[in-house]
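**Student:** Provided herewith: work02.cif, mmCIF, C-alpha atoms.
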```cif
data_my_file
#
loop_
_atom_site.label_atom_id
_atom_site.label_comp_id
_atom_site.auth_asym_id
_atom_site.auth_seq_id
_atom_site.Cartn_x
_atom_site.Cartn_y
_atom_site.Cartn_z
CA PRO A 1010 85.43 -77.10 -39.56
CA ALA A 1011 85.84 -74.84 -42.57
CA LEU A 1012 84.05 -71.89 -40.95
CA ARG A 1013 86.39 -71.86 -37.94
CA ARG A 1014 89.49 -72.28 -40.06
CA LEU A 1015 88.38 -69.42 -42.35
CA ALA A 1016 87.50 -67.10 -39.45
CA HIS A 1017 90.87 -67.82 -37.80
CA HIS A 1018 92.64 -67.26 -41.11
CA LEU A 1019 90.97 -63.87 -41.66
CA LEU A 1020 91.15 -62.45 -38.13
CA ALA A 1021 94.47 -63.89 -36.89
CA HIS A 1022 96.58 -60.97 -38.08
CA TYR A 1023 93.78 -58.48 -38.86
CA GLN A 1024 94.23 -54.86 -37.70
CA LYS A 1025 90.84 -53.21 -37.33
CA GLY A 1026 92.31 -49.87 -36.28
CA THR A 1027 93.42 -48.83 -39.79
CA ARG A 1028 91.59 -48.40 -43.04
CA PRO A 1029 91.70 -51.76 -44.92
CA VAL A 1030 93.75 -50.80 -48.02
CA ARG A 1031 97.22 -51.96 -49.09
CA ASP A 1032 98.02 -48.60 -50.69
CA TRP A 1033 97.09 -45.61 -48.52
CA ARG A 1034 96.31 -43.61 -51.69
CA THR A 1035 93.43 -45.97 -52.49
CA THR A 1036 90.00 -44.55 -51.65
CA THR A 1037 87.55 -46.77 -49.84
CA ASN A 1038 84.23 -46.55 -51.66
CA VAL A 1039 81.21 -47.14 -49.41
CA ALA A 1040 77.89 -47.77 -51.15
CA ILE A 1041 74.85 -47.09 -48.99
CA ASP A 1042 71.15 -47.76 -49.34
CA LEU A 1043 68.05 -46.82 -47.37
CA MET A 1044 64.50 -48.14 -47.14
CA VAL A 1045 61.86 -46.45 -44.96
CA TYR A 1046 59.99 -48.94 -42.80
CA ALA A 1047 57.74 -46.67 -40.71
CA ILE A 1048 57.11 -43.06 -39.71
CA LEU A 1049 56.90 -43.27 -35.93
CA SER A 1050 56.19 -39.67 -34.92
CA VAL A 1051 56.36 -36.09 -36.09
CA ASP A 1052 56.95 -33.58 -33.29
CA GLU A 1053 56.02 -30.18 -34.71
CA LYS A 1054 56.79 -28.30 -31.50
CA ASN A 1055 60.37 -29.59 -31.21
CA GLN A 1056 60.85 -29.99 -34.97
CA VAL A 1057 61.86 -33.66 -34.65
CA LEU A 1058 61.06 -36.53 -37.01
CA THR A 1059 61.29 -40.12 -35.80
CA THR A 1060 61.56 -42.79 -38.49
CA TYR A 1061 62.45 -46.44 -38.61
CA ILE A 1062 64.70 -47.33 -41.58
CA TRP A 1063 66.51 -50.33 -42.98
CA TYR A 1064 70.06 -49.17 -43.62
CA ARG A 1065 72.66 -51.04 -45.73
CA GLN A 1066 76.38 -50.44 -46.25
CA HIS A 1067 78.73 -52.08 -48.72
CA TRP A 1068 82.50 -51.65 -49.06
CA THR A 1069 85.59 -53.66 -50.00
CA ASP A 1070 88.10 -54.83 -47.38
CA GLU A 1071 91.36 -55.80 -49.07
CA PHE A 1072 92.46 -57.87 -46.05
CA LEU A 1073 89.36 -60.07 -45.97
CA LYS A 1074 89.90 -62.06 -49.17
CA TRP A 1075 90.43 -65.82 -49.55
CA ASP A 1076 90.40 -68.64 -52.03
CA PRO A 1077 87.19 -70.70 -51.69
CA ASP A 1078 88.99 -73.85 -52.89
CA HIS A 1079 91.07 -73.89 -49.70
CA PHE A 1080 88.04 -73.61 -47.41
CA ASP A 1081 85.51 -76.13 -48.67
CA ASN A 1082 84.20 -73.74 -51.37
CA LEU A 1083 83.00 -71.15 -48.84
CA THR A 1084 82.20 -67.89 -50.61
CA GLN A 1085 80.58 -65.99 -47.72
CA ILE A 1086 81.00 -65.80 -43.98
CA SER A 1087 79.54 -63.75 -41.14
CA LEU A 1088 82.01 -62.04 -38.82
CA PRO A 1089 81.55 -59.93 -35.67
CA VAL A 1090 81.31 -56.21 -36.26
CA GLU A 1091 83.68 -55.54 -33.36
CA SER A 1092 86.42 -57.58 -35.05
CA ILE A 1093 86.74 -55.70 -38.34
CA TRP A 1094 87.04 -52.15 -39.58
CA VAL A 1095 83.70 -50.32 -40.08
CA PRO A 1096 83.40 -46.84 -41.66
CA ASP A 1097 82.40 -44.03 -39.32
CA ILE A 1098 79.32 -42.99 -41.26
CA LEU A 1099 76.78 -41.01 -39.25
CA ILE A 1100 73.62 -39.01 -39.90
CA ASN A 1101 74.16 -35.27 -39.53
CA GLU A 1102 70.60 -34.62 -38.39
CA PHE A 1103 70.81 -36.98 -35.41
CA VAL A 1104 69.38 -35.36 -32.24
CA ASP A 1105 68.92 -38.42 -30.03
CA VAL A 1106 69.89 -42.07 -29.88
CA GLY A 1107 66.98 -44.19 -30.97
CA LYS A 1108 66.01 -47.61 -29.71
CA SER A 1109 67.68 -49.53 -32.50
CA PRO A 1110 68.34 -53.26 -32.20
CA ASN A 1111 71.95 -54.34 -32.14
CA VAL A 1112 73.04 -56.47 -35.11
CA PRO A 1113 76.46 -57.90 -34.12
CA TYR A 1114 77.48 -59.49 -37.44
CA VAL A 1115 78.33 -58.51 -41.01
CA TYR A 1116 78.56 -60.60 -44.16
CA VAL A 1117 81.94 -60.92 -45.92
CA SER A 1118 82.40 -62.49 -49.38
CA HIS A 1119 85.59 -64.10 -50.71
CA HIS A 1120 86.29 -60.97 -52.84
CA GLY A 1121 86.53 -58.88 -49.69
CA GLU A 1122 83.09 -57.28 -50.08
CA VAL A 1123 81.54 -56.45 -46.70
CA GLN A 1124 77.78 -55.96 -46.25
CA ASN A 1125 76.54 -54.29 -43.09
CA LEU A 1126 72.75 -54.54 -42.82
CA LYS A 1127 70.96 -53.07 -39.81
CA PRO A 1128 67.67 -51.41 -38.83
CA ILE A 1129 67.92 -47.96 -37.24
CA GLN A 1130 65.41 -45.86 -35.35
CA VAL A 1131 66.33 -42.36 -36.46
CA MET A 1132 65.42 -39.25 -34.46
CA THR A 1133 66.45 -36.35 -36.64
CA ALA A 1134 65.95 -32.60 -36.71
CA CYS A 1135 63.66 -31.48 -39.51
CA SER A 1136 62.28 -28.11 -40.53
CA LEU A 1137 58.57 -28.87 -40.39
CA ASP A 1138 56.20 -26.51 -42.16
CA ILE A 1139 52.72 -26.83 -40.63
CA TYR A 1140 51.11 -23.86 -42.35
CA ASN A 1141 49.04 -26.19 -44.56
CA PHE A 1142 47.95 -28.46 -41.69
CA PRO A 1143 46.18 -30.92 -41.98
CA PHE A 1144 46.99 -31.08 -45.72
CA ASP A 1145 50.71 -30.60 -45.20
CA VAL A 1146 53.58 -32.36 -46.97
CA GLN A 1147 56.90 -32.59 -45.12
CA ASN A 1148 60.33 -33.00 -46.67
CA CYS A 1149 62.99 -34.18 -44.20
CA SER A 1150 66.57 -35.01 -45.10
CA LEU A 1151 68.88 -37.73 -43.81
CA THR A 1152 72.51 -36.85 -44.58
CA PHE A 1153 75.01 -39.72 -44.38
CA THR A 1154 78.67 -38.72 -44.19
CA SER A 1155 81.94 -39.80 -42.66
CA TRP A 1156 82.52 -37.74 -39.54
CA LEU A 1157 86.34 -37.91 -39.74
CA HIS A 1158 87.57 -39.14 -43.14
CA HIS A 1159 87.57 -36.76 -46.06
CA ILE A 1160 86.63 -37.69 -49.56
CA ARG A 1161 90.14 -38.92 -50.52
CA ASP A 1162 89.88 -41.63 -47.84
CA ILE A 1163 86.17 -42.52 -47.89
CA ASN A 1164 83.86 -41.79 -50.75
CA LEU A 1165 80.13 -42.48 -50.77
CA SER A 1166 77.91 -43.78 -53.53
CA LEU A 1167 74.38 -45.11 -53.95
CA TRP A 1168 73.93 -48.88 -53.81
CA ARG A 1169 70.87 -48.96 -56.11
CA GLN A 1170 69.62 -46.76 -58.90
CA PRO A 1171 67.95 -43.51 -57.75
CA GLU A 1172 64.67 -44.49 -59.45
CA LEU A 1173 64.54 -47.74 -57.49
CA VAL A 1174 65.16 -45.90 -54.23
CA LYS A 1175 62.61 -43.18 -55.00
CA PHE A 1176 59.49 -45.33 -55.33
CA ASP A 1177 60.45 -48.25 -53.10
CA ARG A 1178 57.58 -48.84 -50.64
CA SER A 1179 58.04 -52.58 -50.36
CA VAL A 1180 58.72 -52.53 -46.61
CA PHE A 1181 56.83 -49.37 -45.62
CA MET A 1182 54.04 -49.76 -43.06
CA ASN A 1183 51.45 -47.35 -44.49
CA GLN A 1184 48.61 -47.66 -41.99
CA GLY A 1185 49.54 -44.71 -39.79
CA GLU A 1186 48.91 -41.00 -39.93
CA TRP A 1187 51.65 -40.34 -42.49
CA GLU A 1188 51.96 -41.60 -46.04
CA LEU A 1189 55.33 -42.03 -47.76
CA LEU A 1190 55.36 -40.32 -51.14
CA TYR A 1191 58.93 -40.93 -52.30
CA VAL A 1192 62.60 -40.86 -51.24
CA LEU A 1193 64.99 -38.72 -53.24
CA SER A 1194 68.76 -39.20 -53.19
CA HIS A 1195 71.49 -36.70 -53.91
CA PHE A 1196 75.31 -36.84 -53.67
CA GLN A 1197 77.39 -33.75 -52.92
CA GLU A 1198 80.76 -32.68 -51.57
CA PHE A 1199 80.85 -30.62 -48.42
CA SER A 1200 83.66 -28.48 -47.04
CA VAL A 1201 84.02 -26.08 -44.10
CA LYS A 1202 86.14 -22.93 -44.50
CA SER A 1203 88.23 -24.15 -47.41
CA SER A 1204 89.23 -27.33 -45.60
CA ASP A 1205 89.23 -30.83 -47.03
CA SER A 1206 86.00 -31.93 -48.70
CA TYR A 1207 83.74 -34.59 -47.30
CA ALA A 1208 81.41 -36.85 -49.23
CA GLU A 1209 77.72 -36.60 -48.34
CA MET A 1210 74.80 -38.69 -49.48
CA LYS A 1211 71.44 -37.02 -48.83
CA PHE A 1212 68.14 -38.86 -48.73
CA TYR A 1213 65.01 -36.66 -48.80
CA VAL A 1214 62.08 -38.45 -47.18
CA VAL A 1215 58.86 -36.82 -48.46
CA ILE A 1216 55.78 -37.69 -46.42
CA ARG A 1217 52.18 -36.49 -46.47
CA ARG A 1218 49.68 -36.37 -43.65
CA ARG A 1219 46.37 -38.19 -44.00
CA PRO A 1220 43.78 -35.49 -43.21
CA LEU A 1221 40.65 -37.60 -42.68
CA PHE A 1222 40.83 -37.63 -38.87
CA TYR A 1223 41.40 -33.88 -38.62
CA THR A 1224 38.71 -33.16 -41.20
CA VAL A 1225 36.13 -35.10 -39.20
CA SER A 1226 37.18 -33.88 -35.74
CA LEU A 1227 38.15 -30.27 -36.52
CA LEU A 1228 36.73 -28.94 -39.77
CA LEU A 1229 33.27 -30.50 -39.87
CA PRO A 1230 32.16 -29.35 -36.36
CA SER A 1231 33.32 -25.85 -37.16
CA ILE A 1232 31.47 -25.88 -40.49
CA PHE A 1233 28.31 -27.12 -38.77
CA LEU A 1234 28.44 -24.30 -36.23
CA MET A 1235 28.92 -21.72 -38.98
CA VAL A 1236 25.95 -23.16 -40.91
CA MET A 1237 23.79 -22.91 -37.79
CA ASP A 1238 24.90 -19.30 -37.40
CA ILE A 1239 23.70 -18.56 -40.94
CA VAL A 1240 20.41 -20.38 -40.30
CA GLY A 1241 19.95 -18.26 -37.16
CA PHE A 1242 19.36 -15.21 -39.36
CA TYR A 1243 15.94 -16.62 -40.30
CA LEU A 1244 14.71 -16.06 -36.75
CA PRO A 1245 12.54 -12.90 -36.50
CA PRO A 1246 14.71 -9.93 -35.54
CA HIS A 1247 12.08 -8.44 -33.21
CA SER A 1248 12.15 -11.54 -31.00
CA GLY A 1249 14.78 -11.97 -28.36
CA GLU A 1250 15.51 -15.57 -29.30
CA ARG A 1251 18.02 -14.67 -31.97
CA VAL A 1252 20.39 -12.95 -29.54
CA SER A 1253 20.35 -15.87 -27.10
CA PHE A 1254 20.82 -18.29 -30.01
CA LYS A 1255 23.86 -16.39 -31.30
CA ILE A 1256 25.38 -16.13 -27.84
CA THR A 1257 24.92 -19.89 -27.36
CA LEU A 1258 26.69 -20.56 -30.67
CA LEU A 1259 29.56 -18.26 -29.67
CA LEU A 1260 29.97 -20.01 -26.33
CA GLY A 1261 29.80 -23.42 -28.01
CA TYR A 1262 32.49 -22.42 -30.49
CA SER A 1263 34.70 -21.18 -27.64
CA VAL A 1264 34.36 -24.53 -25.86
CA PHE A 1265 35.12 -26.30 -29.15
CA LEU A 1266 38.35 -24.30 -29.56
CA ILE A 1267 39.41 -25.15 -26.00
CA ILE A 1268 38.86 -28.84 -26.68
CA VAL A 1269 40.78 -28.91 -29.98
CA SER A 1270 43.64 -26.67 -28.83
CA ASP A 1271 45.71 -29.72 -27.86
CA THR A 1272 45.14 -31.32 -31.26
CA LEU A 1273 46.54 -28.41 -33.25
CA PRO A 1274 50.31 -28.45 -33.80
CA ALA A 1275 52.17 -25.74 -31.91
CA THR A 1276 55.36 -24.13 -33.14
CA ALA A 1277 57.18 -20.93 -32.35
CA VAL A 1278 57.72 -20.15 -36.04
CA GLY A 1279 54.19 -19.58 -37.27
CA THR A 1280 50.50 -20.40 -36.97
CA PRO A 1281 48.91 -23.03 -39.20
CA LEU A 1282 46.24 -21.94 -41.62
CA ILE A 1283 43.62 -23.91 -39.73
CA GLY A 1284 44.33 -21.77 -36.66
CA ILE A 1285 43.72 -18.65 -38.73
CA TYR A 1286 40.55 -20.32 -40.01
CA PHE A 1287 39.28 -20.83 -36.45
CA VAL A 1288 40.09 -17.23 -35.51
CA VAL A 1289 38.26 -15.89 -38.58
CA CYS A 1290 35.25 -18.10 -37.81
CA MET A 1291 35.19 -16.75 -34.27
CA ALA A 1292 35.39 -13.19 -35.64
CA LEU A 1293 32.50 -13.94 -38.02
CA LEU A 1294 30.41 -15.21 -35.11
CA VAL A 1295 31.17 -12.03 -33.17
CA ILE A 1296 30.23 -9.89 -36.19
CA SER A 1297 26.99 -11.86 -36.56
CA LEU A 1298 26.15 -11.30 -32.89
CA THR A 1299 26.93 -7.58 -33.20
CA GLU A 1300 24.67 -7.28 -36.23
CA THR A 1301 21.87 -9.07 -34.36
CA ILE A 1302 22.21 -6.76 -31.36
CA LEU A 1303 22.08 -3.74 -33.68
CA ILE A 1304 18.90 -4.93 -35.42
CA VAL A 1305 17.18 -5.89 -32.16
CA ARG A 1306 18.03 -2.49 -30.70
CA LEU A 1307 16.61 -0.85 -33.82
CA VAL A 1308 13.23 -2.61 -33.76
CA HIS A 1309 12.63 -2.43 -29.99
CA LYS A 1310 11.60 0.48 -27.73
CA GLN A 1311 10.67 2.95 -30.47
CA ASP A 1312 8.41 4.98 -28.15
CA LEU A 1313 11.22 7.38 -27.44
CA GLN A 1314 12.43 7.54 -31.04
CA PRO A 1315 11.38 10.06 -33.66
CA HIS A 1316 9.97 9.20 -37.05
CA VAL A 1317 12.24 7.52 -39.57
CA PRO A 1318 14.13 10.20 -41.53
CA GLU A 1319 13.07 10.68 -45.13
CA TRP A 1320 16.53 9.86 -46.50
CA MET A 1321 16.55 6.58 -44.63
CA LYS A 1322 13.10 5.72 -45.98
CA HIS A 1323 14.27 6.54 -49.48
CA LEU A 1324 17.42 4.44 -49.21
CA LEU A 1325 16.12 1.42 -47.30
CA LEU A 1326 12.40 1.21 -48.07
CA GLU A 1327 12.69 2.07 -51.76
CA ARG A 1328 16.18 1.66 -53.14
CA ALA A 1329 17.26 -1.25 -50.94
CA THR A 1330 14.02 -3.17 -51.52
CA ILE A 1331 14.58 -2.98 -55.27
CA LEU A 1332 18.25 -3.95 -54.89
CA LEU A 1333 17.45 -6.87 -52.56
CA CYS A 1334 14.43 -7.98 -54.62
CA ILE A 1335 12.07 -7.79 -51.66
CA ARG A 1336 8.52 -8.57 -52.78
CA ASP A 1337 6.59 -6.48 -50.23
CA ARG A 1338 7.77 -3.10 -51.53
CA LYS A 1339 4.20 -1.74 -51.61
CA LYS A 1340 3.86 -2.38 -47.91
CA PHE A 1341 7.05 -0.43 -47.27
CA ARG A 1342 5.82 2.44 -49.44
CA GLN A 1343 2.59 2.64 -47.47
CA SER A 1344 4.61 3.22 -44.35
CA ARG A 1345 5.59 6.59 -45.76
CA MET A 1346 1.94 7.82 -45.67
CA PRO A 1347 1.09 10.03 -42.67
CA SER A 1348 -0.34 8.03 -39.84
CA VAL A 1349 -2.65 10.77 -38.58
CA ASP A 1350 -4.96 12.71 -40.88
CA THR A 1351 -4.69 16.25 -39.56
CA SER A 1352 -7.53 17.61 -41.69
CA ARG A 1353 -9.87 14.94 -40.40
CA GLN A 1354 -8.76 15.79 -36.90
CA VAL A 1355 -9.58 19.44 -37.46
CA GLU A 1356 -13.02 18.57 -38.82
CA ASN A 1357 -13.74 16.32 -35.87
CA ASN A 1358 -12.69 19.07 -33.50
CA ASP A 1359 -15.01 21.49 -35.28
CA SER A 1360 -17.90 19.05 -35.13
CA THR A 1361 -17.21 18.50 -31.48
CA ALA A 1362 -17.23 22.19 -30.96
CA LYS A 1363 -20.59 22.45 -32.74
CA LEU A 1364 -22.08 19.84 -30.48
CA ALA A 1365 -21.27 21.90 -27.42
CA PRO A 1366 -24.18 24.28 -26.55
CA TYR A 1367 -23.70 27.90 -25.71
CA VAL A 1368 -23.38 28.41 -21.96
CA CYS A 1369 -23.78 31.80 -20.32
CA GLU A 1370 -21.31 32.66 -17.69
CA ASP A 1371 -23.29 35.55 -16.17
CA PRO A 1372 -26.83 34.78 -14.82
CA ARG A 1373 -27.93 38.37 -15.37
CA GLU A 1374 -27.26 38.12 -19.07
CA CYS A 1375 -29.26 34.93 -19.27
CA GLY A 1376 -32.13 36.57 -17.41
CA ALA A 1377 -32.13 39.56 -19.73
CA ALA A 1378 -32.10 37.42 -22.85
CA GLY A 1379 -34.77 34.87 -21.85
CA GLY A 1380 -36.99 37.15 -19.88
CA THR A 1381 -39.27 34.32 -18.72
CA ARG A 1382 -36.72 31.80 -17.43
CA SER A 1383 -36.79 31.09 -13.77
CA ALA A 1384 -33.83 30.85 -11.43
CA LEU A 1385 -34.46 27.13 -10.78
CA THR A 1386 -34.34 26.27 -14.49
CA PHE A 1387 -31.19 28.28 -14.90
CA ALA A 1388 -29.46 26.47 -12.06
CA GLY A 1389 -30.35 23.04 -13.56
CA ARG A 1390 -28.99 24.05 -16.92
CA MET A 1391 -25.77 25.26 -15.29
CA GLU A 1392 -25.23 21.86 -13.63
CA GLY A 1393 -25.94 19.98 -16.93
CA SER A 1394 -23.60 22.23 -18.86
CA ALA A 1395 -20.72 21.62 -16.41
CA ALA A 1396 -21.22 17.85 -16.58
CA LEU A 1397 -21.28 17.97 -20.39
CA GLN A 1398 -18.06 19.95 -20.45
CA GLU A 1399 -16.41 17.43 -18.15
CA VAL A 1400 -17.48 14.58 -20.44
CA LEU A 1401 -16.16 16.43 -23.45
CA ARG A 1402 -12.82 17.04 -21.77
CA GLU A 1403 -12.47 13.35 -20.85
CA THR A 1404 -13.45 12.27 -24.37
CA THR A 1405 -10.89 14.64 -25.90
CA ALA A 1406 -8.16 13.32 -23.58
CA ILE A 1407 -9.00 9.73 -24.47
CA ARG A 1408 -8.97 10.57 -28.17
CA GLN A 1409 -5.61 12.31 -27.89
CA LEU A 1410 -4.20 9.30 -26.00
CA LEU A 1411 -5.42 6.92 -28.68
CA GLU A 1412 -4.04 9.10 -31.44
CA LYS A 1413 -0.70 9.32 -29.63
CA ARG A 1414 -0.65 5.57 -29.21
CA GLU A 1415 -1.46 5.10 -32.89
CA GLU A 1416 1.34 7.48 -33.76
CA PHE A 1417 3.76 5.46 -31.60
CA ARG A 1418 2.59 2.30 -33.36
CA ASP A 1419 3.21 3.89 -36.74
CA VAL A 1420 6.72 4.93 -35.64
CA ALA A 1421 7.38 1.41 -34.35
CA ARG A 1422 6.07 -0.06 -37.59
CA GLU A 1423 8.35 2.17 -39.63
CA TRP A 1424 11.41 1.28 -37.58
CA LEU A 1425 10.46 -2.41 -37.74
CA GLN A 1426 10.31 -2.24 -41.52
CA VAL A 1427 13.64 -0.43 -41.62
CA GLY A 1428 15.07 -3.11 -39.32
CA TYR A 1429 13.81 -5.92 -41.55
CA VAL A 1430 15.32 -4.40 -44.69
CA LEU A 1431 18.60 -3.65 -42.92
CA ASP A 1432 18.65 -7.19 -41.52
CA VAL A 1433 18.25 -8.68 -45.00
CA LEU A 1434 20.96 -6.38 -46.36
CA LEU A 1435 23.47 -7.22 -43.61
CA PHE A 1436 22.63 -10.93 -43.82
CA ARG A 1437 23.43 -11.04 -47.53
CA VAL A 1438 26.66 -9.14 -47.02
CA TYR A 1439 27.58 -11.56 -44.22
CA LEU A 1440 26.65 -14.57 -46.36
CA ALA A 1441 28.75 -13.25 -49.26
CA ALA A 1442 31.75 -12.79 -46.93
CA VAL A 1443 31.39 -16.34 -45.52
CA LEU A 1444 31.06 -17.86 -49.00
CA ALA A 1445 34.07 -15.94 -50.35
CA TYR A 1446 36.16 -16.99 -47.34
CA SER A 1447 35.07 -20.64 -47.65
CA ILE A 1448 35.77 -20.80 -51.39
CA THR A 1449 39.21 -19.21 -50.95
CA LEU A 1450 40.19 -21.55 -48.11
CA GLY A 1451 38.83 -24.63 -49.87
CA THR A 1452 40.69 -23.73 -53.07
CA LEU A 1453 43.97 -23.30 -51.21
CA TRP A 1454 43.60 -26.62 -49.40
CA SER A 1455 42.59 -28.41 -52.61
CA VAL A 1456 45.65 -27.06 -54.44
CA TRP A 1457 47.95 -28.14 -51.59
CA ARG A 1458 46.23 -31.53 -51.37
CA ASP A 1459 46.76 -32.26 -55.06
CA ALA A 1460 50.26 -30.75 -55.27
#
```
What do you get writing this file as structure tokens?

**Tutor:**
Amino acid sequence: PALRRLAHHLLAHYQKGTRPVRDWRTTTNVAIDLMVYAILSVDEKNQVLTTYIWYRQHWTDEFLKWDPDHFDNLTQISLPVESIWVPDILINEFVDVGKSPNVPYVYVSHHGEVQNLKPIQVMTACSLDIYNFPFDVQNCSLTFTSWLHHIRDINLSLWRQPELVKFDRSVFMNQGEWELLYVLSHFQEFSVKSSDSYAEMKFYVVIRRRPLFYTVSLLLPSIFLMVMDIVGFYLPPHSGERVSFKITLLLGYSVFLIIVSDTLPATAVGTPLIGIYFVVCMALLVISLTETILIVRLVHKQDLQPHVPEWMKHLLLERATILLCIRDRKKFRQSRMPSVDTSRQVENNDSTAKLAPYVCEDPRECGAAGGTRSALTFAGRMEGSAALQEVLRETTAIRQLLEKREEFRDVAREWLQVGYVLDVLLFRVYLAAVLAYSITLGTLWSVWRDA
């Protein structure tokens, strides 16, 4: 058969140990091509990228030429790879041997052109930048070069045009986490310490992460918890429910961070921006809880507190109400009126004193003044006067207790009003900080997403 005769003719005296040129000064030009089939995994911790590529090589073997007329017009034949010379082209970024299928044959044309087509699972080292996670774009290089032969022996070139290689997604499986943007190619000469130069062909594989899964599982729950923290400010500050609500949110956020800690990429180089986002959200929750504790402490247990200082009333109940556009400013101004009318108290004391009859302490004086009063009548009046004095003393004590209680209520009302105004002021400052932080972070992620 023609195939057997041609294979015997080509390999009978073939020497695969030497470079297939008749003149040793002739450079073997190897044209290479690459197509990305799939992105298998991206290991941020170990900085390793695993891809599956279709790799193609093309060179000319001067000892594998024949005349098709002598072999039944055969212009192409497949030969075993182990039987012919193959260039020692490797990938510099290789870190492990992938599970690549073995393709034992190459195609050889009657002009001596050899085509070596094979799929390769590539595990390469790559400098992964996860600061923009989950909106990150990674650029990993695959550098093809001859490990032994310098550029005078083996030179590299690109099989297709760079534009065709750049936007070729014909075989890419794009249903995974990563999306292939483009593949850039670049040729350069490389030398070490003024030694002979080596030809290098670099392919830059640019991929982008699809952020939908991480947005739903990481960002949205965190945003919901922060919204609930803002809504919690509408609970009355004098009730104890706000503190328990804030503590529950803080504990829930801590559990959420423990759950998602395995999802976040971990590297020894830096922390992704989403990690900083979680830390800042936790700090905002702690600040919110601290503000709530401060307000609750301010509006509770005012019995042992003095009156609100005048400067605080002026700043919070007058200036701050105008600045914060609080409608009930008249109510806050009324709190500055004295709670106890001292003049009325003096008048009441005088009237009480007028109601008390004159009581003689010495019976002899009473006898001298009345002249006709008997000892029995005097004794009865003495007993009635003592009882009346006892009633007056009890009434005065009750009145003083009520006035003291009213004064405590006025102090508590003043501190409660101060607490409400301070709560509104701190809430708006907190809301402004959260909005500024959210807008800044959203702008950064939007810029990186559209870049």

**Student:** With distances taken over all atoms listed in the file, which of A:Leu1190, A:Val1433, A:Leu1303, A:Val1146 is nearest to Tyr1243 (chain A)?

**Tutor:**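 So, comparing all the options, the nearest one is A:Val1433.
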
**Student:** List as a VMD selection string the protein and nucleic acid residues near Ser1206 (chain A), meaning an atom at most 7 Å away when only C-alpha atoms are counted, but skip any in the same chain fewer than 3 places from it.

**Tutor:** chain A and resid 1159 to 1160 1198 to 1200

**Student:** Can you measure CA of Thr1069 (chain A) to CA of Ile1093 (chain A) for me? One decimal in Å is fine.

**Tutor:**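 We find that CA of Thr1069 (chain A) and CA of Ile1093 (chain A) lie 11.9 Å from each other.
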
**Student:** Need to verify the contact set: Ile1098 (chain A), 12 Å, only C-alpha atoms, exclusion of same-chain residues closer than 6 positions in sequence. Can you return it as a list of chain:residue names?

**Tutor:**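 My reading of the contact set: A:Val1039, A:Ala1040, A:Ile1041, A:Tyr1064, A:Arg1065, A:Gln1066, A:His1067, A:Asn1125, A:Leu1151, A:Thr1152, A:Phe1153, A:Thr1154, A:Ser1155, A:Trp1156, A:Leu1157, A:His1158, A:His1159, A:Ile1163, A:Asn1164, A:Leu1165, A:Tyr1207, A:Ala1208, A:Glu1209, A:Met1210.
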
**Student:** The PyMOL selection byres ((chain A and resi 1261) around 12) on the file shown: which residues, as a PyMOL selection string?

**Tutor:** chain A and resi 1230-1231+1233-1235+1237-1238+1254-1260+1262-1268+1291+1294
